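Chemist: Next up, my_file25.txt (compact mmCIF, C-alpha atoms).
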```
# COMPACT_ATOMS: atom_id res chain seq x y z
CA MET N 156 11.19 7.02 -6.06
CA THR N 157 13.20 9.86 -7.44
CA SER N 158 16.64 8.75 -8.47
CA LYS N 159 19.65 10.73 -7.40
CA LYS N 160 20.51 11.60 -10.96
CA SER N 161 17.26 13.29 -11.84
CA ASP N 162 17.45 15.15 -8.56
CA GLU N 163 20.80 16.60 -9.50
CA ALA N 164 19.61 17.47 -12.96
CA ARG N 165 16.63 19.21 -11.50
CA GLN N 166 18.81 21.15 -9.12
CA ALA N 167 21.14 22.18 -11.91
CA GLY N 168 18.14 23.22 -13.95
CA GLU N 169 16.83 25.25 -11.07
CA ALA N 170 20.21 26.86 -10.57
CA GLN N 171 20.27 27.75 -14.25
CA ASN N 172 16.75 29.08 -14.00
CA GLY N 173 17.67 31.09 -10.95
CA HIS N 174 20.69 32.43 -12.77
CA ASP N 175 18.61 33.50 -15.76
CA HIS N 176 16.04 34.93 -13.46
CA LEU N 177 18.63 36.97 -11.61
CA LEU N 178 20.12 38.23 -14.83
CA ALA N 179 16.67 39.29 -16.01
CA GLU N 180 16.09 41.09 -12.72
CA LEU N 181 19.47 42.71 -13.06
CA VAL N 182 18.76 43.89 -16.57
CA ALA N 183 15.42 45.29 -15.46
CA HIS N 184 17.18 47.15 -12.67
CA LEU N 185 19.76 48.59 -15.07
CA ARG N 186 17.03 49.64 -17.49
CA ASP N 187 14.98 51.30 -14.76
CA ASN N 188 17.95 53.26 -13.50
CA ARG N 189 19.32 54.08 -16.93
CA GLU N 190 19.24 57.87 -16.56
CA HIS N 191 20.74 57.92 -13.14
CA LEU N 192 23.51 55.37 -13.80
CA ARG N 193 24.48 56.89 -17.10
CA GLU N 194 24.75 60.26 -15.41
CA GLN N 195 26.96 58.80 -12.74
CA TRP N 196 29.14 57.07 -15.30
CA THR N 197 29.70 60.10 -17.54
CA GLY N 198 30.41 62.07 -14.40
CA ARG N 199 33.19 59.71 -13.52
CA ILE N 200 34.54 59.74 -17.08
CA THR N 201 34.89 63.52 -17.09
CA GLY N 202 36.09 63.42 -13.49
CA ALA N 203 38.92 61.13 -14.47
CA ARG N 204 39.68 63.44 -17.45
CA LEU N 205 39.28 60.60 -19.89
CA LEU N 206 38.34 61.23 -23.51
CA SER N 207 39.61 64.80 -23.35
CA ALA N 208 39.66 64.80 -27.16
CA MET N 209 35.86 64.68 -27.23
CA THR N 210 33.22 67.25 -26.29
CA PRO N 211 30.90 66.54 -23.32
CA GLU N 212 27.96 66.15 -25.71
CA GLU N 213 29.83 63.55 -27.74
CA ILE N 214 30.83 61.70 -24.61
CA PHE N 215 27.23 61.72 -23.47
CA SER N 216 25.87 60.35 -26.72
CA GLU N 217 28.55 57.65 -27.02
CA ALA N 218 28.03 56.76 -23.40
CA THR N 219 24.33 56.32 -24.01
CA SER N 220 24.98 53.96 -26.89
CA ILE N 221 27.55 51.98 -24.95
CA TYR N 222 25.26 51.76 -21.95
CA ASP N 223 22.36 50.46 -24.00
CA ASN N 224 24.52 48.00 -25.87
CA TYR N 225 26.04 46.86 -22.61
CA VAL N 226 22.67 46.14 -21.04
CA GLU N 227 21.62 44.47 -24.26
CA VAL N 228 24.54 42.06 -24.04
CA LEU N 229 23.65 41.25 -20.44
CA ALA N 230 20.04 40.64 -21.46
CA THR N 231 20.59 38.53 -24.56
CA GLY N 232 24.08 37.14 -24.08
CA SER N 233 24.81 37.96 -27.72
CA THR N 234 27.80 40.24 -28.19
CA ASP N 235 27.35 40.82 -31.91
CA ALA N 236 25.72 44.24 -31.68
CA LEU N 237 28.18 45.52 -29.11
CA GLN N 238 31.12 44.16 -31.07
CA HIS N 239 29.89 45.90 -34.16
CA TYR N 240 29.37 49.11 -32.24
CA ALA N 241 32.82 48.85 -30.60
CA ARG N 242 34.51 48.47 -33.96
CA ASP N 243 32.57 51.37 -35.36
CA LEU N 244 33.37 53.52 -32.34
CA SER N 245 37.09 52.64 -32.57
CA GLU N 246 37.08 53.65 -36.21
CA ARG N 247 35.65 57.04 -35.28
CA ILE N 248 37.73 57.86 -32.23
CA ILE N 249 41.16 56.45 -33.10
CA PRO N 250 41.89 59.20 -35.64
CA ARG N 251 41.14 61.71 -32.86
CA GLY N 252 43.93 60.37 -30.72
CA VAL N 253 41.97 58.39 -28.13
CA GLU N 254 44.28 55.95 -26.38
CA THR N 255 43.66 52.28 -25.66
CA GLU N 256 44.05 53.07 -21.97
CA ASP N 257 41.16 55.55 -22.09
CA VAL N 258 38.82 53.12 -23.75
CA LEU N 259 39.66 50.36 -21.34
CA ASN N 260 39.23 52.67 -18.37
CA ILE N 261 35.84 53.83 -19.57
CA VAL N 262 34.52 50.33 -19.89
CA LEU N 263 35.93 49.38 -16.50
CA LEU N 264 34.33 52.49 -14.99
CA LEU N 265 30.97 51.44 -16.33
CA ARG N 266 31.47 47.99 -14.90
CA ASP N 267 32.25 49.49 -11.50
CA VAL N 268 29.36 51.96 -11.57
CA LEU N 269 26.93 49.19 -12.34
CA ALA N 270 28.43 46.87 -9.73
CA ARG N 271 28.07 49.57 -7.08
CA SER N 272 24.47 50.13 -7.93
CA LEU N 273 23.95 46.40 -7.48
CA PHE N 274 25.62 46.55 -4.08
CA GLU N 275 23.29 49.33 -3.15
CA LYS N 276 20.22 47.46 -4.26
CA TYR N 277 21.03 44.12 -2.66
CA HIS N 278 23.11 45.11 0.36
CA GLN N 279 20.49 43.80 2.75
CA ASP N 280 20.66 40.28 1.43
CA PHE N 281 24.26 39.18 1.20
CA ASP N 282 23.51 35.78 -0.36
CA LEU N 283 21.41 37.26 -3.08
CA LEU N 284 24.06 39.88 -3.74
CA ASN N 285 26.60 37.12 -4.18
CA GLN N 286 24.39 35.36 -6.67
CA VAL N 287 23.70 38.53 -8.58
CA LEU N 288 27.41 39.28 -8.81
CA ASP N 289 28.06 35.70 -9.93
CA ALA N 290 25.75 36.34 -12.83
CA TYR N 291 26.98 39.83 -13.51
CA GLU N 292 30.76 39.58 -13.26
CA PRO N 293 31.59 37.05 -16.00
CA ALA N 294 29.35 38.85 -18.46
CA ALA N 295 30.79 42.23 -17.56
CA ASN N 296 34.36 41.01 -17.85
CA ARG N 297 33.65 39.45 -21.19
CA ILE N 298 32.28 42.74 -22.44
CA ALA N 299 35.27 44.72 -21.18
CA ASN N 300 37.59 42.24 -22.78
CA MET N 301 35.78 42.35 -26.09
CA VAL N 302 35.67 46.13 -26.32
CA ALA N 303 39.39 46.37 -25.57
CA VAL N 304 40.22 43.72 -28.14
CA SER N 305 38.15 45.41 -30.86
CA PHE N 306 39.85 48.66 -30.11
CA VAL N 307 43.33 47.17 -30.32
CA GLN N 308 42.46 45.31 -33.52
CA GLU N 309 41.21 48.50 -35.08
CA ARG N 310 44.38 50.29 -34.08
CA GLU N 311 46.50 47.57 -35.59
CA ARG N 312 44.53 47.78 -38.79
CA VAL N 313 45.11 51.53 -38.92
CA ILE N 314 48.82 51.01 -38.33
CA ARG N 315 49.01 48.43 -41.11
CA ASP N 316 47.22 50.76 -43.51
CA GLN N 317 49.56 53.58 -42.63
CA GLN N 318 52.62 51.41 -43.12
CA GLU N 319 51.29 50.48 -46.50
CA ALA N 320 50.72 54.14 -47.34
CA ILE N 321 54.21 55.09 -46.22
CA ARG N 322 55.64 52.34 -48.37
CA GLU N 323 53.76 53.55 -51.39
CA LEU N 324 54.79 57.11 -50.78
CA SER N 325 58.40 56.46 -50.08
CA THR N 326 59.36 54.82 -53.34
CA PRO N 327 58.51 57.15 -56.17
CA VAL N 328 60.02 56.32 -59.53
CA LEU N 329 60.47 59.55 -61.44
CA GLN N 330 61.20 60.14 -65.04
CA VAL N 331 63.55 63.11 -65.47
CA ARG N 332 64.34 62.78 -69.12
CA GLU N 333 63.32 60.48 -71.89
CA ARG N 334 64.52 57.01 -70.95
CA LEU N 335 66.06 58.20 -67.70
CA LEU N 336 64.49 57.37 -64.34
CA ILE N 337 65.52 58.40 -60.87
CA LEU N 338 64.61 56.46 -57.77
CA PRO N 339 65.32 58.35 -54.57
CA ILE N 340 65.17 55.99 -51.61
CA ILE N 341 64.39 57.57 -48.25
CA GLY N 342 64.20 55.73 -44.97
CA ILE N 343 65.05 52.29 -43.76
CA LEU N 344 65.26 49.57 -46.37
CA ASP N 345 64.09 46.21 -45.12
CA ALA N 346 63.67 43.04 -47.11
CA ALA N 347 59.99 43.63 -47.89
CA ARG N 348 60.57 47.20 -48.98
CA ALA N 349 63.60 46.26 -51.08
CA ARG N 350 61.49 43.68 -52.85
CA GLN N 351 58.62 46.05 -53.47
CA LEU N 352 61.01 48.71 -54.67
CA THR N 353 62.63 46.36 -57.16
CA GLU N 354 59.27 45.24 -58.52
CA GLN N 355 58.12 48.81 -58.89
CA LEU N 356 61.34 49.83 -60.61
CA LEU N 357 61.21 46.95 -63.08
CA LYS N 358 57.65 47.80 -64.02
CA ALA N 359 58.60 51.44 -64.44
CA ILE N 360 61.53 50.47 -66.64
CA ARG N 361 59.16 48.75 -68.99
CA ALA N 362 56.49 51.41 -68.83
CA HIS N 363 58.89 54.29 -69.51
CA ARG N 364 61.25 52.28 -71.70
CA ALA N 365 64.05 53.40 -69.43
CA LYS N 366 67.64 52.83 -70.41
CA VAL N 367 69.34 54.32 -67.40
CA VAL N 368 68.19 54.42 -63.79
CA VAL N 369 69.80 56.52 -61.08
CA ILE N 370 69.16 55.14 -57.60
CA ASP N 371 69.90 57.72 -54.94
CA ILE N 372 70.39 56.34 -51.45
CA THR N 373 71.33 59.58 -49.69
CA GLY N 374 68.24 59.16 -47.51
CA VAL N 375 69.01 55.61 -46.40
CA PRO N 376 70.40 55.81 -42.88
CA ASP N 377 72.04 52.44 -42.77
CA VAL N 378 73.11 49.81 -45.23
CA ASP N 379 73.82 46.30 -44.08
CA GLU N 380 74.68 43.18 -45.97
CA GLY N 381 71.05 42.32 -46.74
CA VAL N 382 70.32 45.77 -48.15
CA ALA N 383 73.53 45.76 -50.18
CA ASN N 384 72.68 42.38 -51.64
CA SER N 385 69.19 43.46 -52.55
CA LEU N 386 70.66 46.50 -54.28
CA VAL N 387 72.92 44.19 -56.26
CA GLN N 388 69.85 42.17 -57.21
CA THR N 389 68.00 45.28 -58.27
CA VAL N 390 70.92 46.25 -60.48
CA ASP N 391 71.11 42.76 -62.02
CA ALA N 392 67.38 42.58 -62.68
CA SER N 393 67.41 46.01 -64.30
CA LYS N 394 70.29 44.92 -66.50
CA LEU N 395 68.27 41.92 -67.63
CA MET N 396 65.68 44.38 -68.83
CA GLY N 397 68.29 46.36 -70.66
CA ALA N 398 68.65 49.27 -68.24
CA SER N 399 71.89 50.32 -66.58
CA VAL N 400 71.81 51.44 -62.99
CA ILE N 401 73.89 54.14 -61.38
CA ILE N 402 73.94 54.28 -57.58
CA THR N 403 74.49 57.67 -55.99
CA GLY N 404 74.65 59.07 -52.50
CA LEU N 405 76.74 56.42 -50.77
CA SER N 406 77.95 58.25 -47.69
CA SER N 407 81.50 57.67 -46.54
CA GLU N 408 80.28 55.70 -43.51
CA ILE N 409 78.19 53.43 -45.66
CA ALA N 410 81.01 52.95 -48.14
CA GLU N 411 83.30 52.02 -45.27
CA THR N 412 80.77 49.58 -43.85
CA LEU N 413 80.32 47.91 -47.20
CA VAL N 414 84.05 47.43 -47.61
CA THR N 415 84.32 46.12 -44.06
CA ILE N 416 81.56 43.54 -44.43
CA GLY N 417 82.99 42.57 -47.79
CA VAL N 418 80.02 43.17 -50.07
CA ASP N 419 81.12 43.05 -53.67
CA LEU N 420 79.92 46.21 -55.31
CA SER N 421 82.39 46.06 -58.17
CA LYS N 422 79.58 45.34 -60.60
CA MET N 423 77.80 48.48 -59.54
CA ASP N 424 78.26 51.81 -61.15
CA THR N 425 78.53 54.26 -58.27
CA VAL N 426 79.12 57.98 -58.33
CA GLY N 427 79.21 60.55 -55.56
CA ASP N 428 75.98 62.47 -55.61
CA LEU N 429 72.73 62.72 -57.52
CA GLN N 430 73.99 65.51 -59.78
CA GLU N 431 76.96 63.49 -60.93
CA GLY N 432 74.69 60.50 -61.32
CA ILE N 433 72.36 62.35 -63.65
CA GLU N 434 75.31 63.73 -65.61
CA GLU N 435 76.73 60.25 -65.97
CA ALA N 436 73.32 58.95 -67.04
CA GLU N 437 73.00 61.64 -69.68
CA ARG N 438 76.42 60.75 -70.96
CA LEU N 439 75.32 57.13 -71.24
CA LEU N 440 72.12 58.08 -73.00
CA GLY N 441 73.89 60.50 -75.30
CA TYR N 442 76.31 57.87 -76.42
CA PRO N 443 74.67 56.68 -79.65
CA THR N 444 74.76 60.15 -81.15
CA ILE N 445 77.98 61.45 -79.62
CA ARG N 446 79.94 58.29 -80.15
CA ASN N 447 82.30 58.31 -77.23
CA ASP N 448 84.68 55.43 -77.14
CA ASP N 449 84.27 54.38 -73.56
CA VAL N 450 80.78 53.13 -73.29
CA ARG N 451 79.59 49.83 -71.87
CA GLY N 452 82.85 49.58 -69.97
CA MET O 238 62.47 37.51 -94.81
CA SER O 239 62.07 33.84 -94.30
CA GLY O 240 61.24 31.56 -91.45
CA VAL O 241 62.77 28.33 -90.36
CA ASP O 242 59.90 26.40 -88.97
CA ARG O 243 59.53 22.75 -88.34
CA PRO O 244 56.52 21.23 -90.03
CA GLU O 245 56.51 18.15 -87.79
CA GLN O 246 55.65 20.13 -84.63
CA GLU O 247 52.23 21.72 -84.96
CA PRO O 248 52.38 24.93 -82.92
CA LEU O 249 55.26 27.10 -83.96
CA ARG O 250 57.27 27.52 -80.80
CA VAL O 251 60.09 29.60 -82.19
CA SER O 252 60.29 31.61 -85.36
CA ILE O 253 63.60 32.73 -86.78
CA LEU O 254 63.41 35.64 -89.18
CA ALA O 255 66.27 37.18 -91.07
CA GLN O 256 66.47 40.90 -91.50
CA ARG O 257 69.53 42.14 -93.37
CA ALA O 258 72.48 40.95 -91.34
CA TYR O 259 70.49 40.20 -88.23
CA LEU O 260 68.49 37.20 -87.20
CA ILE O 261 65.44 37.72 -85.04
CA ALA O 262 64.38 34.68 -83.07
CA SER O 263 61.07 34.97 -81.25
CA ILE O 264 60.14 32.39 -78.67
CA HIS O 265 56.36 32.15 -78.65
CA THR O 266 55.64 29.66 -75.91
CA ALA O 267 57.45 28.01 -73.06
CA LEU O 268 60.16 25.66 -74.29
CA ASP O 269 61.15 22.47 -72.61
CA ASP O 270 64.76 21.37 -72.54
CA GLU O 271 64.52 19.44 -75.79
CA HIS O 272 62.95 22.38 -77.60
CA PHE O 273 65.67 24.64 -76.31
CA GLU O 274 68.37 22.38 -77.68
CA ARG O 275 66.68 22.13 -81.04
CA PHE O 276 66.24 25.88 -81.12
CA GLN O 277 69.93 26.36 -80.38
CA LYS O 278 70.92 24.08 -83.23
CA ASP O 279 68.52 25.70 -85.70
CA LEU O 280 69.67 29.16 -84.82
CA ILE O 281 73.35 28.37 -85.13
CA ASP O 282 72.82 26.68 -88.47
CA GLU O 283 70.95 29.72 -89.63
CA ILE O 284 73.72 32.09 -88.50
CA GLY O 285 76.13 30.20 -90.71
CA ARG O 286 73.77 30.03 -93.64
CA ARG O 287 72.86 33.70 -93.53
CA ARG O 288 76.25 34.94 -92.40
CA ALA O 289 74.43 36.91 -89.73
CA ARG O 290 76.23 39.63 -87.81
CA GLY O 291 73.84 39.78 -84.96
CA VAL O 292 71.11 37.77 -83.30
CA ILE O 293 68.16 39.08 -81.33
CA ILE O 294 66.36 36.58 -79.16
CA ASP O 295 62.95 37.82 -78.09
CA VAL O 296 61.69 36.17 -74.91
CA ALA O 297 58.81 38.56 -74.23
CA ALA O 298 56.29 35.72 -74.33
CA LEU O 299 58.04 33.73 -71.62
CA ASP O 300 56.76 34.05 -68.08
CA VAL O 301 59.59 32.03 -66.66
CA LEU O 302 63.23 31.56 -67.56
CA ASP O 303 64.83 28.81 -65.53
CA SER O 304 68.47 27.95 -65.07
CA PHE O 305 68.53 25.52 -67.96
CA GLY O 306 66.94 28.01 -70.31
CA SER O 307 69.29 30.78 -69.36
CA ARG O 308 72.33 28.53 -69.61
CA THR O 309 71.23 27.52 -73.08
CA LEU O 310 70.88 31.18 -74.02
CA ARG O 311 74.34 31.89 -72.63
CA ASP O 312 75.88 28.98 -74.54
CA LEU O 313 74.07 30.08 -77.63
CA GLY O 314 75.53 33.56 -77.27
CA GLN O 315 79.03 32.17 -76.97
CA VAL O 316 78.71 29.86 -79.95
CA ALA O 317 77.19 32.67 -81.98
CA ARG O 318 80.10 34.92 -81.06
CA LEU O 319 82.54 32.27 -82.27
CA ARG O 320 80.68 32.27 -85.54
CA GLY O 321 80.86 36.01 -85.80
CA ALA O 322 77.53 37.20 -84.47
CA GLU O 323 76.69 39.09 -81.27
CA THR O 324 73.56 38.05 -79.43
CA VAL O 325 71.12 40.27 -77.57
CA VAL O 326 68.31 38.92 -75.43
CA VAL O 327 65.31 41.23 -75.43
CA GLY O 328 61.89 41.40 -73.80
CA ILE O 329 62.60 39.90 -70.40
CA GLN O 330 59.50 40.69 -68.35
CA PRO O 331 59.79 42.45 -64.98
CA GLU O 332 58.50 39.41 -63.09
CA VAL O 333 60.89 37.14 -64.94
CA ALA O 334 63.86 39.41 -64.25
CA PHE O 335 62.95 39.56 -60.59
CA ALA O 336 62.59 35.81 -60.27
CA MET O 337 65.89 35.25 -62.06
CA VAL O 338 67.93 37.40 -59.69
CA LYS O 339 66.10 35.90 -56.71
CA PHE O 340 67.21 32.45 -57.77
CA GLY O 341 70.70 33.60 -58.66
CA ILE O 342 70.25 32.98 -62.37
CA ASN O 343 72.14 35.45 -64.48
CA LEU O 344 72.88 36.12 -68.09
CA ASN O 345 76.33 37.53 -67.41
CA SER O 346 78.38 38.01 -70.54
CA MET O 347 75.19 38.43 -72.54
CA TYR O 348 73.74 41.61 -73.84
CA THR O 349 70.19 42.39 -72.86
CA ALA O 350 67.86 45.10 -74.09
CA LEU O 351 64.31 46.18 -73.39
CA ASP O 352 62.68 45.25 -76.68
CA LEU O 353 63.31 44.52 -80.33
CA GLU O 354 63.96 48.12 -81.21
CA ASP O 355 66.52 48.59 -78.46
CA GLY O 356 68.09 45.27 -79.31
CA ARG O 357 68.58 46.41 -82.89
CA SER O 358 70.19 49.67 -81.91
CA LEU O 359 72.43 47.86 -79.46
CA LEU O 360 73.62 45.55 -82.23
CA ASP O 361 74.18 48.58 -84.44
CA GLU O 362 76.33 50.13 -81.72
CA LEU O 363 78.23 46.92 -81.17
CA GLY O 364 79.09 46.17 -84.74
CA GLY O 365 78.69 49.31 -86.81
CA SER O 366 75.57 49.13 -88.91
CA GLY O 367 74.99 45.49 -89.74
CA ALA O 368 76.39 45.30 -93.21
CA GLU O 369 79.77 46.74 -92.40
CA LEU O 370 82.69 44.89 -90.98
CA ARG O 371 82.49 44.48 -87.27
CA SER O 372 85.20 46.18 -85.24
CA SER O 373 86.70 43.71 -82.83
CA GLY O 374 86.17 43.96 -79.10
CA ASN O 375 83.09 45.22 -77.40
```
Using structure tokens, write down the structure from this file.
Modeler:
Amino acid sequence: MTSKKSDEARQAGEAQNGHDHLLAELVAHLRDNREHLREQWTGRITGARLLSAMTPEEIFSEATSIYDNYVEVLATGSTDALQHYARDLSERIIPRGVETEDVLNIVLLLRDVLARSLFEKYHQDFDLLNQVLDAYEPAANRIANMVAVSFVQERERVIRDQQEAIRELSTPVLQVRERLLILPIIGILDAARARQLTEQLLKAIRAHRAKVVVIDITGVPDVDEGVANSLVQTVDASKLMGASVIITGLSSEIAETLVTIGVDLSKMDTVGDLQEGIEEAERLLGYPTIRNDDVRG
Amino acid sequence: MSGVDRPEQEPLRVSILAQRAYLIASIHTALDDEHFERFQKDLIDEIGRRRARGVIIDVAALDVLDSFGSRTLRDLGQVARLRGAETVVVGIQPEVAFAMVKFGINLNSMYTALDLEDGRSLLDELGGSGAELRSSGN
């Protein structure tokens, strides 16, 4: 009097049991043959000239850890430990110039080495082999996927950090004389950088009690409308804080572009090069004692 | 030195101090539109009463200066000029300056300086030292 439903459930349960059982057998096999398979794998890594940035000993020790973690994931189904290890490994090897391609290839090699050893073990029984591979493949692919993703994420994080560092480095605000700052801008100015630069300058104006700022854009390769407008904003904001801005280093091409796109720079005080800019600034700063007539023009 | 405060409003939002020929108006807390208008009236009255040559408005305590506020300051500067006093706005914070240019708010036609000290020397430059007759033009 067994109903159809319970029959199916029982079959599914058995299938699941069989699956788990196979996976356990598989893990046992991989553990038993650890030495041999690891040897084979590292052999193929060096054979393919992967990880050339690392010494054979390093490759061997990393390979051991990856192998053990890999088997661990197959055994427990939990990827936490491997994920943690992958992130840690990425952190260590990215600075040494290991490419994403290498990492992916290594993991795929391990997958293949292990798959082959399974073929070898089960080649007599084709059905069983099929079942073993059914259990093995999804898990192996998930692992490969996860390692690659961790690596790429780590790389992206490194790139972001470096961008941040470059930004910090590339906008120094320097005091050359009392109440005189210079701000040499080098490299491409995008909206985010222009904003950061303005904020930094305004804070420096207050901190140094600057009265005149010379912004030198000799090192800016290209100026478009957006950049020109943000420069105008920087000048306006500095004026609100009581500092005058002198722009220097406008190349003839840039000057021509600005005229062509019709950016109004009439409010800006521009002079040819940094030297003239500093001279002009000193003249402005010297005004209260020298008493020229043409100040604040 | 004397202050023009308003006893009916408990916290003193603006204090106006006279120092020789200059008036120093410090805004202590954010002003709403009504406060701004009252401040403008008080200050202009005081310019007449004291025959001030220059006005320094200190906005260092403000963390925002919106379009109404800055227009009021601009108007105030123009009225003050008609009554014979130049106006300098001092103490605009970096964040405030940045926000103002982002939103296209400007104080064109107004003098600005970093702080009180700079504001004073700017007024000195503009008008000879306070007590003397002001040369016309800027």
Chemist: Give the residues of chain O that lie within 7 Å of chain N; count all atoms listed in the file, and format the answer as a ChimeraX atom specification.
Modeler: /O:328-329,331,334-335,338,349-351
Chemist: Ranking N:Ala362, N:Glu256, N:Glu333, N:Asp377 by minimum distance to Gln330 of chain O and counting all atoms listed in the file, which one comes first?
Modeler: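 When distances to Gln330 of chain O are compared using all atoms listed in the file, the smallest one comes from N:Ala362.
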Chemist: From the options N:Glu180, N:Asp371, N:Asp282, N:Glu437, which residue's atoms come nearest to Ala230 of chain N, counting all atoms listed in the file?
Modeler: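 For Ala230 of chain N, the nearest of the candidates is N:Glu180.
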Chemist: Quick check, in Å to one decimal: how far apart do atom CA of His176 of chain N and atom CA of Gln286 of chain N lie?
Modeler: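 Distance reported for this atom pair: 10.8 Å.
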Chemist: Quick one: of N:Ala270, N:Leu185, N:Val313, N:Val287, who's nearest to Glu246 of chain N, counting only C-alpha atoms?
Modeler: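 Of the candidates, the smallest distance to Glu246 of chain N is held by N:Val313.
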Chemist: Counting all atoms listed in the file, which residues sit no farther than 6 Å from the position (63.1, 35.0, -77.9) in the file's frame? I'd like them as a PyMOL selection string.
Modeler: chain O and resi 262-264+294-296
Chemist: Given the selection you just returned, output its residues as a file containing C-alpha atoms, formatted as a PDB file, in the coordinates of the input.
Modeler:
```pdb
ATOM      1  CA  ALA O 262      64.380  34.680 -83.070  1.00  0.00           C
ATOM      2  CA  SER O 263      61.070  34.970 -81.250  1.00  0.00           C
ATOM      3  CA  ILE O 264      60.140  32.390 -78.670  1.00  0.00           C
ATOM      4  CA  ILE O 294      66.360  36.580 -79.160  1.00  0.00           C
ATOM      5  CA  ASP O 295      62.950  37.820 -78.090  1.00  0.00           C
ATOM      6  CA  VAL O 296      61.690  36.170 -74.910  1.00  0.00           C
TER       7      VAL O 296
END
```
Chemist: Kindly give the distance, in Å, that separates atom CA of Val316 of chain O and atom CA of Gln256 of chain O, rounded to a single decimal.
Modeler: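 For atom CA of Val316 of chain O relative to atom CA of Gln256 of chain O, the distance reads 20.1 Å.
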Chemist: Quick one: everything within 9 Å of Leu429 of chain N, counting all atoms listed in the file, minus sequence neighbours fewer than 4 positions away in the same chain. Send it as a list in words.
Modeler: Val369, Ile370, Asp371, Thr373, Ile402, Thr403, Gly404, Ile433 and Glu434 of chain N
Chemist: Just the number, please: distance in Å from atom CA of Asp279 of chain O to atom CA of Glu323 of chain O, one decimal.
Modeler: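 Atom-to-atom, atom CA of Asp279 of chain O to atom CA of Glu323 of chain O, that is 16.3 Å.
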Chemist: Counting all atoms listed in the file, figure out which residue out of N:Asp235, N:Asp289, N:Glu227, N:Glu309 gets nearest to Thr255 of chain N.
Modeler: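 Of N:Asp235, N:Asp289, N:Glu227, N:Glu309, the one nearest Thr255 of chain N, counting all atoms listed in the file, is N:Glu309.
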Chemist: Given only C-alpha atoms as the basis, pick out the residue of O:Leu353, O:His272, O:Gly291, O:Gly364 nearest to Arg320 of chain O.
Modeler: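 The shortest atom-to-atom distance to Arg320 of chain O comes from O:Gly291.
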Chemist: Hey, which of N:Val368, N:Ala179, N:Ala349, N:Leu440 ends up closest to Leu386 of chain N? Count all atoms listed in the file.
Modeler: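 Checking each candidate against Leu386 of chain N, we get N:Ala349 as the closest.
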